[in-house]
Each structure stands twice: as structure tokens, then as C-alpha cells.
>>> print(open('upload_5.txt').read())   # compact mmCIF, C-alpha atoms
# COMPACT_ATOMS: atom_id res chain seq x y z
CA MET A 1 -21.03 47.25 226.89
CA MET A 2 -17.52 47.79 225.57
CA CYS A 3 -15.64 50.28 227.70
CA GLU A 4 -15.06 53.53 225.82
CA ASP A 5 -11.37 53.53 226.72
CA ARG A 6 -11.13 50.10 225.14
CA ILE A 7 -12.63 51.45 221.90
CA ALA A 8 -10.06 54.27 221.80
CA THR A 9 -7.24 51.79 222.44
CA ASP A 10 -8.46 49.40 219.76
CA VAL A 11 -8.74 52.18 217.17
CA LYS A 12 -5.19 53.31 217.85
CA LYS A 13 -3.86 49.75 217.83
CA LEU A 14 -5.54 49.05 214.49
CA LEU A 15 -4.12 52.19 212.90
CA SER A 16 -0.58 51.65 214.16
CA SER A 17 -0.46 47.95 213.23
CA THR A 18 -2.12 48.29 209.81
CA PHE A 19 0.03 51.18 208.66
CA LYS A 20 3.16 50.42 210.72
CA LEU A 21 2.96 53.68 212.63
CA ASP A 22 4.82 54.60 215.79
CA PRO A 23 2.15 54.04 218.48
CA ASN A 24 3.38 57.13 220.31
CA LEU A 25 2.26 59.26 217.37
CA VAL A 26 -1.23 57.77 217.23
CA ASN A 27 -3.01 59.92 219.79
CA ASP A 28 -6.51 61.43 219.79
CA ASN A 29 -5.33 64.75 218.40
CA ALA A 30 -3.22 63.27 215.61
CA ASN A 31 -4.42 64.40 212.20
CA LEU A 32 -4.77 61.31 210.05
CA LYS A 33 -3.31 62.98 206.95
CA ASP A 34 -0.94 65.64 208.23
CA ASP A 35 0.48 63.83 211.28
CA LEU A 36 0.15 60.16 210.37
CA GLY A 37 0.65 60.45 206.61
CA LEU A 38 -2.51 58.54 205.71
CA ASP A 39 -4.32 59.32 202.49
CA SER A 40 -8.02 58.93 201.67
CA VAL A 41 -7.64 55.29 200.64
CA ASP A 42 -5.80 54.46 203.89
CA ILE A 43 -8.57 56.16 205.86
CA MET A 44 -11.27 54.23 204.01
CA ASP A 45 -9.38 50.98 204.63
CA SER A 46 -9.17 51.88 208.33
CA VAL A 47 -12.90 52.52 208.45
CA GLY A 48 -13.57 49.21 206.68
CA LEU A 49 -11.39 47.33 209.17
CA LEU A 50 -13.11 49.06 212.09
CA GLU A 51 -16.51 48.11 210.68
CA GLU A 52 -15.41 44.48 210.67
CA GLN A 53 -13.80 44.62 214.10
CA PHE A 54 -16.72 46.28 215.85
CA LYS A 55 -19.43 44.75 213.63
CA ILE A 56 -20.98 48.09 212.78
CA LYS A 57 -21.90 49.83 209.54
CA LEU A 58 -20.20 53.13 208.86
CA ILE A 59 -19.64 53.51 205.14
CA GLY A 60 -22.87 54.62 203.53
CA SER A 61 -24.63 55.34 206.83
CA SER A 62 -26.23 58.72 207.53
CA ASP A 63 -23.53 59.40 210.15
CA TRP A 64 -20.84 58.77 207.56
CA ALA A 65 -22.25 61.35 205.17
CA SER A 66 -22.51 64.01 207.87
CA THR A 67 -19.22 63.37 209.69
CA THR A 68 -15.87 64.88 208.93
CA ILE A 69 -13.04 62.63 210.03
CA LYS A 70 -9.76 64.43 210.39
CA THR A 71 -8.20 63.06 213.56
CA VAL A 72 -7.85 59.77 215.39
CA GLY A 73 -10.24 61.21 217.96
CA ASP A 74 -12.87 61.87 215.26
CA LEU A 75 -12.67 58.24 214.18
CA THR A 76 -12.94 57.02 217.76
CA ALA A 77 -15.92 59.28 218.45
CA LEU A 78 -17.76 57.89 215.43
CA ILE A 79 -17.12 54.30 216.53
CA LYS A 80 -18.30 55.09 220.06
CA LYS A 81 -21.48 56.68 218.71
CA LYS A 82 -22.27 53.69 216.51
CA MET A 83 -21.52 51.27 219.32
CA SER A 84 -23.88 53.02 221.73
CA GLU A 85 -26.59 53.09 219.03
CA LYS A 86 -26.08 49.37 218.53
CA ILE A 87 -26.53 48.74 222.25
CA ARG A 88 -29.64 50.92 222.50
CA LYS A 89 -31.45 49.12 219.66
CA PRO A 90 -33.73 46.38 220.91
CA MET B 1 0.69 38.86 176.54
CA GLU B 2 -0.76 35.49 177.45
CA PHE B 3 -2.30 34.33 180.70
CA ILE B 4 -0.71 30.98 181.60
CA GLY B 5 -2.47 30.18 184.86
CA LEU B 6 -2.14 29.71 188.59
CA GLN B 7 0.94 27.93 189.91
CA LYS B 8 2.89 27.47 193.12
CA LYS B 9 5.83 29.85 193.39
CA ALA B 10 8.96 27.90 194.31
CA SER B 11 10.57 30.67 196.35
CA ASN B 12 7.71 31.41 198.73
CA LYS B 13 5.31 28.45 198.38
CA SER B 14 2.40 30.80 197.70
CA ASN B 15 0.18 30.70 194.65
CA VAL B 16 1.08 32.99 191.79
CA PHE B 17 -0.56 34.01 188.52
CA ILE B 18 1.79 33.49 185.56
CA LEU B 19 1.70 35.51 182.33
CA LYS B 20 4.13 35.58 179.42
CA HIS B 21 4.94 38.23 176.86
CA VAL B 22 7.26 38.12 173.87
CA VAL B 23 9.19 41.38 173.64
CA SER B 24 8.40 43.10 170.35
CA LEU B 25 10.44 45.72 168.50
CA SER B 26 7.98 48.39 169.62
CA ASP B 27 8.79 47.55 173.26
CA THR B 28 12.45 48.51 172.73
CA ASN B 29 14.19 51.86 172.41
CA ALA B 30 17.07 53.40 170.55
CA MET B 31 19.39 53.38 173.60
CA GLY B 32 20.93 49.93 173.24
CA GLY B 33 17.76 48.31 172.00
CA VAL B 34 16.57 47.44 175.50
CA VAL B 35 12.97 47.42 176.63
CA TYR B 36 11.94 50.99 177.48
CA PHE B 37 11.11 51.43 181.17
CA SER B 38 7.49 52.55 180.73
CA ASN B 39 6.62 49.24 179.15
CA PHE B 40 7.09 47.54 182.50
CA ILE B 41 4.24 49.67 183.85
CA LYS B 42 2.20 49.01 180.72
CA TRP B 43 2.74 45.26 181.28
CA GLN B 44 1.44 45.61 184.83
CA GLY B 45 -1.79 46.98 183.39
CA MET B 46 -2.02 44.27 180.75
CA ALA B 47 -1.36 41.55 183.34
CA ARG B 48 -3.97 42.97 185.69
CA GLU B 49 -6.55 43.08 182.92
CA LEU B 50 -5.80 39.54 181.72
CA ILE B 51 -6.02 38.15 185.25
CA MET B 52 -9.30 39.95 185.86
CA ARG B 53 -10.75 38.75 182.55
CA GLN B 54 -9.95 35.15 183.39
CA LYS B 55 -11.52 35.20 186.80
CA VAL B 56 -14.00 38.05 187.04
CA ASP B 57 -16.96 39.02 184.87
CA TYR B 58 -15.08 42.03 183.53
CA LYS B 59 -17.82 43.24 181.19
CA LYS B 60 -20.29 43.22 184.08
CA LEU B 61 -17.78 45.10 186.19
CA ILE B 62 -17.25 47.75 183.52
CA ALA B 63 -21.02 48.09 183.03
CA SER B 64 -21.56 48.52 186.76
CA SER B 65 -21.12 51.79 188.62
CA LEU B 66 -17.86 50.58 190.13
CA ASP B 67 -14.51 51.98 189.05
CA MET B 68 -11.25 50.19 189.76
CA ILE B 69 -8.59 52.82 190.30
CA THR B 70 -4.82 52.61 190.31
CA HIS B 71 -3.76 54.43 193.47
CA SER B 72 0.00 54.10 192.83
CA CYS B 73 2.48 51.97 190.94
CA SER B 74 6.21 51.43 190.82
CA ALA B 75 8.91 49.37 189.19
CA LYS B 76 12.54 48.70 190.04
CA PHE B 77 14.86 47.60 187.26
CA LEU B 78 17.48 44.92 187.80
CA GLY B 79 18.40 43.86 184.27
CA HIS B 80 17.66 44.39 180.60
CA LEU B 81 15.24 42.72 178.25
CA TYR B 82 15.73 42.63 174.49
CA PHE B 83 13.72 42.10 171.35
CA GLY B 84 12.60 38.48 171.17
CA ASP B 85 13.06 37.75 174.86
CA VAL B 86 10.14 36.10 176.60
CA VAL B 87 9.31 37.82 179.86
CA ARG B 88 7.47 35.82 182.47
CA LEU B 89 5.38 37.89 184.87
CA GLU B 90 4.62 36.37 188.24
CA VAL B 91 1.83 38.20 190.03
CA GLN B 92 0.85 37.97 193.66
CA THR B 93 -0.96 40.22 196.13
CA LYS B 94 -0.41 41.61 199.60
CA LYS B 95 -2.03 44.07 202.02
CA ILE B 96 -5.55 43.04 201.06
CA LEU B 97 -7.68 45.56 202.97
CA PRO B 98 -11.41 46.36 202.71
CA THR B 99 -11.09 48.95 199.95
CA SER B 100 -7.66 48.30 198.41
CA PHE B 101 -5.01 45.72 197.76
CA VAL B 102 -1.44 45.67 196.45
CA MET B 103 -0.36 43.65 193.42
CA VAL B 104 3.25 42.46 193.43
CA PHE B 105 4.99 41.80 190.10
CA GLU B 106 8.15 39.89 189.39
CA TYR B 107 9.44 40.05 185.82
CA LEU B 108 11.68 37.11 184.91
CA ARG B 109 13.51 36.26 181.71
CA ASP B 110 11.79 33.03 180.69
CA GLY B 111 14.30 30.26 180.28
CA GLY B 112 17.08 32.08 182.14
CA GLY B 113 15.07 32.64 185.27
CA ASP B 114 16.86 35.87 186.21
CA VAL B 115 14.69 38.58 187.69
CA VAL B 116 14.93 41.66 185.48
CA ALA B 117 12.49 43.84 187.41
CA VAL B 118 10.07 43.95 190.30
CA GLY B 119 7.05 46.16 190.71
CA GLU B 120 3.96 46.92 192.73
CA GLN B 121 0.68 48.69 192.33
CA ARG B 122 -2.05 49.53 194.79
CA VAL B 123 -5.61 49.29 193.52
CA THR B 124 -8.73 50.77 195.07
CA PHE B 125 -12.40 51.14 194.17
CA ALA B 126 -14.85 54.00 193.82
CA ASN B 127 -18.46 54.57 192.95
CA ARG B 128 -18.48 56.11 189.47
CA GLU B 129 -21.65 58.09 190.15
CA ASN B 130 -20.48 60.01 193.20
CA GLY B 131 -16.72 59.40 193.12
CA GLU B 132 -16.69 58.02 196.67
CA LEU B 133 -14.29 55.28 197.62
CA CYS B 134 -15.98 51.99 198.40
CA ARG B 135 -15.34 48.39 199.40
CA MET B 136 -13.89 46.06 196.81
CA PRO B 137 -16.34 43.55 195.31
CA GLN B 138 -16.28 40.08 196.84
CA GLU B 139 -15.19 38.41 193.58
CA ILE B 140 -12.13 40.63 193.37
CA PHE B 141 -11.36 40.06 197.05
CA ASP B 142 -11.56 36.28 196.45
CA LEU B 143 -9.31 36.64 193.40
CA ALA B 144 -6.73 38.64 195.34
CA LYS B 145 -6.76 36.12 198.22
CA GLN B 146 -5.93 33.29 195.78
CA VAL B 147 -2.43 34.64 195.26
CA GLU B 148 -1.81 36.35 198.57
CA LEU B 149 1.84 36.57 199.53
CA GLU B 150 2.32 35.01 202.92
CA THR B 151 4.75 37.20 204.81
CA GLN B 152 4.72 38.81 208.23
CA ASP B 153 4.49 42.17 206.50
CA ALA B 154 1.49 41.24 204.41
CA LYS B 155 -1.29 42.54 206.64
CA SER B 156 -4.61 41.48 205.17
CA VAL B 157 -8.14 40.86 206.27
CA ASN B 158 -10.35 37.84 206.07
CA ARG B 159 -13.93 38.25 205.13
CA SER B 160 -16.48 35.80 206.46
>>> encode(input="upload_5.txt", output="C-alpha cells")
Amino acid sequence: MMCEDRIATDVKKLLSSTFKLDPNLVNDNANLKDDLGLDSVDIMDSVGLLEEQFKIKLIGSSDWASTTIKTVGDLTALIKKKMSEKIRKP
Amino acid sequence: MEFIGLQKKASNKSNVFILKHVVSLSDTNAMGGVVYFSNFIKWQGMARELIMRQKVDYKKLIASSLDMITHSCSAKFLGHLYFGDVVRLEVQTKKILPTSFVMVFEYLRDGGGDVVAVGEQRVTFANRENGELCRMPQEIFDLAKQVELETQDAKSVNRS
């Protein structure tokens, strides 16, 4: 099972490299829009990239509809949840 | 405007879509008879449509529930164009991500070869029924990848 710290690190690395952000700013509490300057299209692109990286389905899933993603931590938490669901499924 | 085809761009060895447009009187303005700035944005739209119509089933796309949306666009002006000039648009892409990509435009005076303007636009996709952003269709992704600009800055994805 992927270590949860590794998931958090990978999410931050993806955000900082894709959008050329200062890695020091990309912490769990950073608001994606207000602190990192991402807009809704950037966030959707991030989610799409994370789907591909972790081989999970987020967009269109029931979790997606019911989750509000505002911070880096919110995004990480959603990935962790989907990853543990993926592991639990036979 | 006329779609010429896909060629190799000499300056960066990547593929590029080429289009040509003959500047008409209605493209020019009263201030020196030069092409009015907003036409450069209009030409981006025309070029995008012509490229799509060559390579994508555009009618099917329009009839589907998918909307292609212009997120942002820009142009930077380096020279003038005049009535009768032929402008050659060279179109490439960069930053091809799951739900958006950027089109890069270079406007050259055909024959002279001087670059009169450069421009970009970012395009994304949404479901028309609920307005939610969504992944770009595979055929558009494949189209965008055909003319991807190969630079260190051009972060893109590869779909299997």
C-alpha cells in the first residue's frame, strides 16, 4: 500500500511542477485559489493528472460530487480515500 | 482564411498547422490603414475552427453535450499588416493537460517572413447540460498532440 506521506508528497510535487509554483507555498493548508492562484480549470487539470498518476477515478464519482476541494490538504485527503478504497476492493 | 496543412516548423522542428488569410479592407482601420488589433483575436478563432473542421467531426461535436470554451486569449503585436497582405498563421500547442490545452499562434507576413504578432489561447471543455468542466475528447487530444511544441516549459500529459 502506498504510504500516505508519499501521497501527500506526490500531490504537492505535481501541483508545483505543473503550475510552476514555489514548493514552499504548496502546503496542506494552502488554498488552491487564494494562496496558489489556481482557477477552476487548473484545479480540474490537477485532478485529471492525479487520476492518471494514481490510476483512480475522481471526476464523476460519487465522492467528487459530495466533496469540496479548497486546499491542497482537501485534494490529498480525497486521493488517500480513493486509494484506500481501491486497496480494499477484492 | 484557408487551411493549408501540417508542416514542419523550421525554427523548432515541431509540426505546425499552417493557415493563410488575405487581409481585406474590412480588416483595416482608419488609423493608418493597418489591421485593427481585434482581428488578430478573430483570426485565432477562425484558425481554431478551420483546424478542428479538418481533423475532428465538428458537427458531431456541436451536436454532442460537450462545449469547447475559450478560457483566455492574448496577442502581442510586433508589426503592421495592410490591405492585401497575406498573413500566414502558424499554430502549435503546449501545456496539453487532461481538461485544457494552450494554442500558440505566430502571425507572419507571407513572402516577407517577418513575425507581425504572436498570440495564445487556452481552451477547456464543459458538459453543456450541467456546466461542469470535463476531460477533453480523445480526438481533440490527439489533434493537439500532433502540433505540440517541444520545449522544457511545455508540460503535457500522455494518454495511453
>>> atom_distance(input="upload_5.txt", atom1="CA of Lys13 in chain B", atom2="CA of Val147 in chain B")
10.4 Å
>>> interface_residues(input="upload_5.txt", of="chain A", to="chain B", cutoff="10 Å", atoms="all atoms listed in the file", output="list in words")
Ser17, Thr18, Phe19, Lys20, Ser40, Val41, Asp42, Ile43, Met44, Asp45, Ser46, Val47, Gly48, Leu49, Leu50, Glu51, Glu52, Ile59 and Gly60 of chain A
>>> write_last_selection(input="upload_5.txt", atoms="C-alpha atoms", output="PDB file, in the frame of the given file")
ATOM      1  CA  SER A  17      -0.460  47.950 213.230  1.00  0.00           C
ATOM      2  CA  THR A  18      -2.120  48.290 209.810  1.00  0.00           C
ATOM      3  CA  PHE A  19       0.030  51.180 208.660  1.00  0.00           C
ATOM      4  CA  LYS A  20       3.160  50.420 210.720  1.00  0.00           C
ATOM      5  CA  SER A  40      -8.020  58.930 201.670  1.00  0.00           C
ATOM      6  CA  VAL A  41      -7.640  55.290 200.640  1.00  0.00           C
ATOM      7  CA  ASP A  42      -5.800  54.460 203.890  1.00  0.00           C
ATOM      8  CA  ILE A  43      -8.570  56.160 205.860  1.00  0.00           C
ATOM      9  CA  MET A  44     -11.270  54.230 204.010  1.00  0.00           C
ATOM     10  CA  ASP A  45      -9.380  50.980 204.630  1.00  0.00           C
ATOM     11  CA  SER A  46      -9.170  51.880 208.330  1.00  0.00           C
ATOM     12  CA  VAL A  47     -12.900  52.520 208.450  1.00  0.00           C
ATOM     13  CA  GLY A  48     -13.570  49.210 206.680  1.00  0.00           C
ATOM     14  CA  LEU A  49     -11.390  47.330 209.170  1.00  0.00           C
ATOM     15  CA  LEU A  50     -13.110  49.060 212.090  1.00  0.00           C
ATOM     16  CA  GLU A  51     -16.510  48.110 210.680  1.00  0.00           C
ATOM     17  CA  GLU A  52     -15.410  44.480 210.670  1.00  0.00           C
ATOM     18  CA  ILE A  59     -19.640  53.510 205.140  1.00  0.00           C
ATOM     19  CA  GLY A  60     -22.870  54.620 203.530  1.00  0.00           C
TER      20      GLY A  60
END
>>> residues_around(input="upload_5.txt", residues="Glu148 in chain B", least_positions_apart="5", cutoff="6 Å", atoms="all atoms listed in the file", output="ChimeraX atom specification")
/B:92-94
>>> residues_around(input="upload_5.txt", residues="Lys81 in chain A", least_positions_apart="2", cutoff="12 Å", atoms="all atoms listed in the file", output="MDAnalysis selection string")
chainID A and resid 2 4 7 54 56:58 63:64 67 74:79 83:88
>>> residues_around(input="upload_5.txt", residues="Leu143 in chain B", least_positions_apart="2", cutoff="12 Å", atoms="only C-alpha atoms", output="PyMOL selection string")
chain B and resi 6+15-17+48+51-57+91-94+96+101+103+136-141+145-148
>>> axis_aligned_box(input="upload_5.txt", around="range 18-32 of chain B", padding_each_side="4 Å", output="AutoDock Vina command-line options")
--center_x 11.3 --center_y 43.4 --center_z 177.0 --size_x 27.2 --size_y 27.9 --size_z 25.1
>>> decode(input="upload_5.txt", residues="range 115-127 of chain B", atoms="all heavy atoms", output="short mmCIF file (atom, residue, chain, number, x, y, z; two decimals), in the first residue's frame")
data_model
loop_
_atom_site.label_atom_id
_atom_site.label_comp_id
_atom_site.auth_asym_id
_atom_site.auth_seq_id
_atom_site.Cartn_x
_atom_site.Cartn_y
_atom_site.Cartn_z
N VAL B 115 7.63 38.24 -38.45
CA VAL B 115 6.57 37.93 -37.49
C VAL B 115 5.90 39.25 -37.10
O VAL B 115 6.55 40.14 -36.55
CB VAL B 115 7.14 37.23 -36.24
CG1 VAL B 115 6.03 36.95 -35.23
CG2 VAL B 115 7.86 35.94 -36.62
N VAL B 116 4.62 39.37 -37.37
CA VAL B 116 3.93 40.63 -37.05
C VAL B 116 3.18 40.54 -35.72
O VAL B 116 2.83 41.57 -35.14
CB VAL B 116 2.97 41.06 -38.19
CG1 VAL B 116 3.76 41.40 -39.44
CG2 VAL B 116 1.93 40.00 -38.46
N ALA B 117 2.93 39.33 -35.26
CA ALA B 117 2.26 39.18 -33.96
C ALA B 117 2.41 37.75 -33.48
O ALA B 117 2.69 36.83 -34.26
CB ALA B 117 0.77 39.53 -34.09
N VAL B 118 2.24 37.59 -32.18
CA VAL B 118 2.19 36.26 -31.57
C VAL B 118 0.98 36.25 -30.65
O VAL B 118 0.54 37.30 -30.19
CB VAL B 118 3.47 35.91 -30.79
CG1 VAL B 118 4.66 35.76 -31.73
CG2 VAL B 118 3.78 36.95 -29.74
N GLY B 119 0.45 35.07 -30.40
CA GLY B 119 -0.72 35.01 -29.53
C GLY B 119 -0.90 33.63 -28.94
O GLY B 119 -0.25 32.67 -29.37
N GLU B 120 -1.74 33.56 -27.93
CA GLU B 120 -2.04 32.29 -27.29
C GLU B 120 -3.51 32.27 -26.89
O GLU B 120 -4.11 33.33 -26.66
CB GLU B 120 -1.21 32.12 -26.00
CG GLU B 120 0.25 31.89 -26.23
CD GLU B 120 0.98 31.47 -24.97
OE1 GLU B 120 0.36 31.31 -23.90
OE2 GLU B 120 2.20 31.31 -25.07
N GLN B 121 -4.05 31.07 -26.78
CA GLN B 121 -5.34 30.93 -26.12
C GLN B 121 -5.40 29.57 -25.43
O GLN B 121 -4.85 28.60 -25.91
CB GLN B 121 -6.52 31.12 -27.07
CG GLN B 121 -6.62 30.16 -28.22
CD GLN B 121 -7.92 30.36 -28.99
OE1 GLN B 121 -8.83 29.55 -28.91
NE2 GLN B 121 -8.02 31.43 -29.76
N ARG B 122 -6.05 29.60 -24.28
CA ARG B 122 -6.22 28.34 -23.53
C ARG B 122 -7.66 27.90 -23.72
O ARG B 122 -8.59 28.70 -23.59
CB ARG B 122 -5.91 28.55 -22.06
CG ARG B 122 -5.89 27.25 -21.24
CD ARG B 122 -5.53 27.53 -19.82
NE ARG B 122 -5.48 26.31 -19.02
CZ ARG B 122 -5.41 26.30 -17.69
NH1 ARG B 122 -5.39 27.44 -17.03
NH2 ARG B 122 -5.37 25.15 -17.04
N VAL B 123 -7.83 26.63 -24.03
CA VAL B 123 -9.14 26.07 -24.34
C VAL B 123 -9.47 24.98 -23.33
O VAL B 123 -8.60 24.18 -22.98
CB VAL B 123 -9.12 25.47 -25.76
CG1 VAL B 123 -10.45 24.84 -26.11
CG2 VAL B 123 -8.78 26.54 -26.78
N THR B 124 -10.71 24.96 -22.85
CA THR B 124 -11.12 23.90 -21.94
C THR B 124 -12.49 23.36 -22.37
O THR B 124 -13.04 23.82 -23.37
CB THR B 124 -11.12 24.40 -20.48
OG1 THR B 124 -11.35 23.29 -19.61
CG2 THR B 124 -12.21 25.44 -20.25
N PHE B 125 -13.01 22.42 -21.62
CA PHE B 125 -14.22 21.72 -22.05
C PHE B 125 -15.19 21.57 -20.90
O PHE B 125 -14.80 21.41 -19.75
CB PHE B 125 -13.84 20.33 -22.60
CG PHE B 125 -12.92 20.42 -23.77
CD1 PHE B 125 -11.55 20.55 -23.58
CD2 PHE B 125 -13.42 20.46 -25.06
CE1 PHE B 125 -10.69 20.70 -24.67
CE2 PHE B 125 -12.57 20.59 -26.14
CZ PHE B 125 -11.21 20.72 -25.95
N ALA B 126 -16.48 21.66 -21.22
CA ALA B 126 -17.50 21.54 -20.18
C ALA B 126 -18.70 20.79 -20.72
O ALA B 126 -18.97 20.79 -21.92
CB ALA B 126 -17.92 22.92 -19.68
N ASN B 127 -19.42 20.17 -19.80
CA ASN B 127 -20.65 19.49 -20.14
C ASN B 127 -21.74 20.56 -20.26
O ASN B 127 -21.99 21.30 -19.31
CB ASN B 127 -20.98 18.48 -19.03
CG ASN B 127 -22.22 17.65 -19.36
OD1 ASN B 127 -23.27 18.19 -19.73
ND2 ASN B 127 -22.11 16.36 -19.20
#
